[in-house]
Amino acid sequence: MSIKKLFEQYSPEELAESFVFPVKLTAKQQREASEQLAKHRAKRRAEMTEAEKLNLRLLQLKFRLEDYITGDQYNPEYTFGYFLEQYLQLANRKKKEFAGDIQIHETQLSQMLKDRREPNNSVMVRLELHSNNIIPAVSWFKLLEKEKAYQLKTDKSLRDKESRYVTHNLQLV
Amino acid sequence: MATKEHRLVNVLGVEKNDFNRLTVKRHSFNWKKLKDGFVIYKLSLIGDDDILGVIALKYYPPEERTEIKLLAVSAENKGKNKRYERIAGCLIAFAGREAIRIYGRYPCLSLIPKTELKEHYISKYGMIDGGWQLYLEDAPLFRVINEYLP
């Protein structure tokens with residue numbers, strides 16, 4: 001159906017709920033459009049509050065974390081400690097301050113940042129609350145789970161060690 | 001009448017063999033023409049690969065901006081008798097989410113509207129009037145994402 005026919009058949013409201021149509025601008029109009037948009041954006045940017053900037057950075061981290069935990073790839077760098085460090089940076093909190101914010105010992109926080117200690121459920125919930133519920137505890141949990149799943153999947157020495165306890169394993173063609 | 005039932009959806013990149021299913025009759029445009037130079041995503045229900053909506057995006061990294069070049073819902077999902085609502089909103093919110101994920105400090109999602117539709121994009125998606133273009137960034141962008149991708 002041509003765009004003209006769509007406009008005859010549907011109301012503008014219905015079309016806006018279903019389409020973004022191609023619009024061709026002349027070179028001059030395109031230039032004008034870019035300049036106008038840049039001007040509008042610069043004005044908004046100048047008026048952006050610190051809270052909005054923080055919200056944006058937090059969403060960026062949330063989406064990166066979500067995409068990583070739902071994706072197929074495992075990246076050894078993307079540990080719990082890595083994402084926690086990113087969180088501290090965007091929240092602009094020093095280790096001591098942040099440990100105080102979520103009432104854990106600074107040493108515990110340092111160990112988690114270095115992936116030498118796992119967070120318990122309480123810590124993950126406190127992280128969720130600290131982020132104003134933007135990064136849910138379950139995302140932190142799934143991140144840990146992904147690390148563990150990879151370790152389990154690739155631990156050859158554990159398989160060698162455990163094989164002596166398994167007999168009569170199924171023989172399949 | 002659109003169903004009141006909520007369904008979970010997937011938005012995934014369009015693959016080469018999807019183009020045979022993206023017909024002008026059902027998806028309104030010749031999407032093959034956009035194969036080069038645009039990033040195209042499709043929306044489907046989880047567990048069903050039927051394509052209910054398509055969006056073509058162009059990235060402008062120096063401006064931290066993504067432009068929606070084209071968007072269409074499938075034939076049975078437009079107008080008063082649509083089967084599912086919110087398909088376009090989910091695709092727009094997804095594009096906004098991608099912009100936030102990809103760009104640095106000031107991600108922006110924009111489109112050039114047909115004049116007749118401009119006010120409807122503004123009222124429906126909270127888009128900001130930027131002259132020739134409409135756009136979403138900061139709080140209005142967060143609102144669309146929260147509304148359609150909770």
# chains A, B, ... in the order shown; residues from 1 in each chain; ligands from 1

$ select_by_dssp --residues "chain B" --states "strand (DSSP E or B)" --output "PyMOL selection string"
chain B and resi 9-13+39-45+53-60+65-73+108-111+128-130+133-137

$ interface_residues --of "chain A" --to "chain B" --cutoff "6 Å" --atoms "only C-alpha atoms" --output "MDAnalysis selection string"
chainID A and resid 12:14 16 18:22 33 36:37 40 60

$ atom_distance --atom1 "CA of Glu5 (chain B)" --atom2 "CA of Tyr84 (chain B)"
8.7 Å

$ residues_around --residues "Thr66 (chain B)" --least-positions-apart "4" --cutoff "8 Å" --atoms "only C-alpha atoms" --output "VMD selection string"
chain B and resid 57 to 61 95 99 108 to 110

$ atom_distance --atom1 "CA of Ile40 (chain B)" --atom2 "CA of Ala93 (chain B)"
14.4 Å

$ select_by_dssp --residues "region 57-145 of chain B" --states "alpha helix (DSSP H)" --output "mmCIF file with N, CA and C atoms, in the first residue's frame"
data_model
loop_
_atom_site.group_PDB
_atom_site.id
_atom_site.type_symbol
_atom_site.label_atom_id
_atom_site.label_comp_id
_atom_site.auth_asym_id
_atom_site.auth_seq_id
_atom_site.Cartn_x
_atom_site.Cartn_y
_atom_site.Cartn_z
ATOM 1 N N ILE B 87 3.450 -1.891 19.549
ATOM 2 C CA ILE B 87 4.606 -2.442 18.821
ATOM 3 C C ILE B 87 5.579 -1.319 18.455
ATOM 4 N N ALA B 88 5.052 -0.236 17.887
ATOM 5 C CA ALA B 88 5.925 0.878 17.497
ATOM 6 C C ALA B 88 6.617 1.473 18.730
ATOM 7 N N GLY B 89 5.869 1.604 19.816
ATOM 8 C CA GLY B 89 6.436 2.146 21.054
ATOM 9 C C GLY B 89 7.585 1.293 21.565
ATOM 10 N N CYS B 90 7.401 -0.035 21.497
ATOM 11 C CA CYS B 90 8.472 -0.935 21.954
ATOM 12 C C CYS B 90 9.712 -0.779 21.071
ATOM 13 N N LEU B 91 9.503 -0.631 19.775
ATOM 14 C CA LEU B 91 10.652 -0.477 18.869
ATOM 15 C C LEU B 91 11.364 0.859 19.106
ATOM 16 N N ILE B 92 10.580 1.913 19.320
ATOM 17 C CA ILE B 92 11.178 3.230 19.587
ATOM 18 C C ILE B 92 11.952 3.180 20.919
ATOM 19 N N ALA B 93 11.346 2.562 21.933
ATOM 20 C CA ALA B 93 12.017 2.460 23.232
ATOM 21 C C ALA B 93 13.293 1.622 23.108
ATOM 22 N N PHE B 94 13.228 0.572 22.321
ATOM 23 C CA PHE B 94 14.421 -0.256 22.117
ATOM 24 C C PHE B 94 15.537 0.565 21.474
ATOM 25 N N ALA B 95 15.178 1.356 20.456
ATOM 26 C CA ALA B 95 16.181 2.193 19.779
ATOM 27 C C ALA B 95 16.781 3.197 20.770
ATOM 28 N N GLY B 96 15.947 3.717 21.670
ATOM 29 C CA GLY B 96 16.419 4.648 22.693
ATOM 30 C C GLY B 96 17.353 3.965 23.679
ATOM 31 N N ARG B 97 16.993 2.738 24.036
ATOM 32 C CA ARG B 97 17.837 1.963 24.951
ATOM 33 C C ARG B 97 19.205 1.715 24.321
ATOM 34 N N GLU B 98 19.193 1.381 23.036
ATOM 35 C CA GLU B 98 20.449 1.163 22.314
ATOM 36 C C GLU B 98 21.290 2.442 22.299
ATOM 37 N N ALA B 99 20.612 3.570 22.081
ATOM 38 C CA ALA B 99 21.342 4.846 22.042
ATOM 39 C C ALA B 99 22.026 5.102 23.390
ATOM 40 N N ILE B 100 21.310 4.836 24.463
ATOM 41 C CA ILE B 100 21.903 5.030 25.797
ATOM 42 C C ILE B 100 23.085 4.084 25.995
ATOM 43 N N ARG B 101 22.914 2.846 25.557
ATOM 44 C CA ARG B 101 23.973 1.851 25.746
ATOM 45 C C ARG B 101 25.221 2.206 24.932
ATOM 46 N N ILE B 102 25.002 2.691 23.704
ATOM 47 C CA ILE B 102 26.125 2.915 22.797
ATOM 48 C C ILE B 102 26.875 4.217 23.067
ATOM 49 N N LYS B 118 3.438 14.939 13.132
ATOM 50 C CA LYS B 118 4.345 15.511 14.138
ATOM 51 C C LYS B 118 3.717 15.592 15.539
ATOM 52 N N GLU B 119 2.551 16.215 15.615
ATOM 53 C CA GLU B 119 1.931 16.411 16.940
ATOM 54 C C GLU B 119 1.573 15.079 17.608
ATOM 55 N N HIS B 120 1.314 14.067 16.785
ATOM 56 C CA HIS B 120 0.941 12.773 17.360
ATOM 57 C C HIS B 120 2.155 12.049 17.951
ATOM 58 N N TYR B 121 3.310 12.187 17.308
ATOM 59 C CA TYR B 121 4.530 11.618 17.898
ATOM 60 C C TYR B 121 4.832 12.333 19.219
ATOM 61 N N ILE B 122 4.577 13.628 19.236
ATOM 62 C CA ILE B 122 4.852 14.399 20.456
ATOM 63 C C ILE B 122 3.930 13.933 21.587
ATOM 64 N N SER B 123 2.627 13.803 21.274
ATOM 65 C CA SER B 123 1.710 13.422 22.363
ATOM 66 C C SER B 123 1.848 11.945 22.730
ATOM 67 N N LYS B 124 2.107 11.106 21.753
ATOM 68 C CA LYS B 124 2.165 9.664 22.033
ATOM 69 C C LYS B 124 3.467 9.268 22.744
ATOM 70 N N TYR B 125 4.607 9.793 22.279
ATOM 71 C CA TYR B 125 5.903 9.340 22.798
ATOM 72 C C TYR B 125 6.658 10.427 23.562
ATOM 73 N N ASP B 138 17.506 12.572 27.458
ATOM 74 C CA ASP B 138 17.380 12.628 28.924
ATOM 75 C C ASP B 138 15.990 12.207 29.426
ATOM 76 N N ALA B 139 15.330 13.020 30.249
ATOM 77 C CA ALA B 139 14.106 12.549 30.924
ATOM 78 C C ALA B 139 13.021 12.017 29.962
ATOM 79 N N PRO B 140 12.713 12.698 28.850
ATOM 80 C CA PRO B 140 11.701 12.124 27.945
ATOM 81 C C PRO B 140 12.107 10.759 27.376
ATOM 82 N N LEU B 141 13.403 10.583 27.164
ATOM 83 C CA LEU B 141 13.885 9.280 26.678
ATOM 84 C C LEU B 141 13.722 8.214 27.760
ATOM 85 N N PHE B 142 14.058 8.574 29.008
ATOM 86 C CA PHE B 142 13.898 7.602 30.099
ATOM 87 C C PHE B 142 12.428 7.201 30.238
ATOM 88 N N ARG B 143 11.531 8.191 30.055
ATOM 89 C CA ARG B 143 10.095 7.899 30.226
ATOM 90 C C ARG B 143 9.602 6.893 29.193
ATOM 91 N N VAL B 144 10.039 7.056 27.952
ATOM 92 C CA VAL B 144 9.608 6.118 26.902
ATOM 93 C C VAL B 144 10.141 4.709 27.200
ATOM 94 N N ILE B 145 11.395 4.654 27.645
ATOM 95 C CA ILE B 145 11.975 3.338 27.949
ATOM 96 C C ILE B 145 11.224 2.691 29.122
#

$ atom_distance --atom1 "CA of Asn55 (chain A)" --atom2 "CA of Ile134 (chain A)"
8.7 Å

$ residues_around --residues "Lys16 (chain B)" --least-positions-apart "6" --cutoff "12 Å" --atoms "only C-alpha atoms" --output "ChimeraX atom specification"
/B:22,31-32,34-36,40-41

$ closest_residue --among "A:Leu84, A:Val173, A:Leu90, A:Ile104" --to "Leu59 (chain A)" --atoms "only C-alpha atoms"
A:Leu90

$ closest_residue --among "B:Glu64, B:Phe38, B:Ile51, B:Leu45" --to "Arg21 (chain B)" --atoms "only C-alpha atoms"
B:Ile51

$ residues_around --residues "Ile102 (chain A)" --least-positions-apart "6" --cutoff "12 Å" --atoms "only C-alpha atoms" --output "ChimeraX atom specification"
/A:88,93,95-96,108-109,122-131
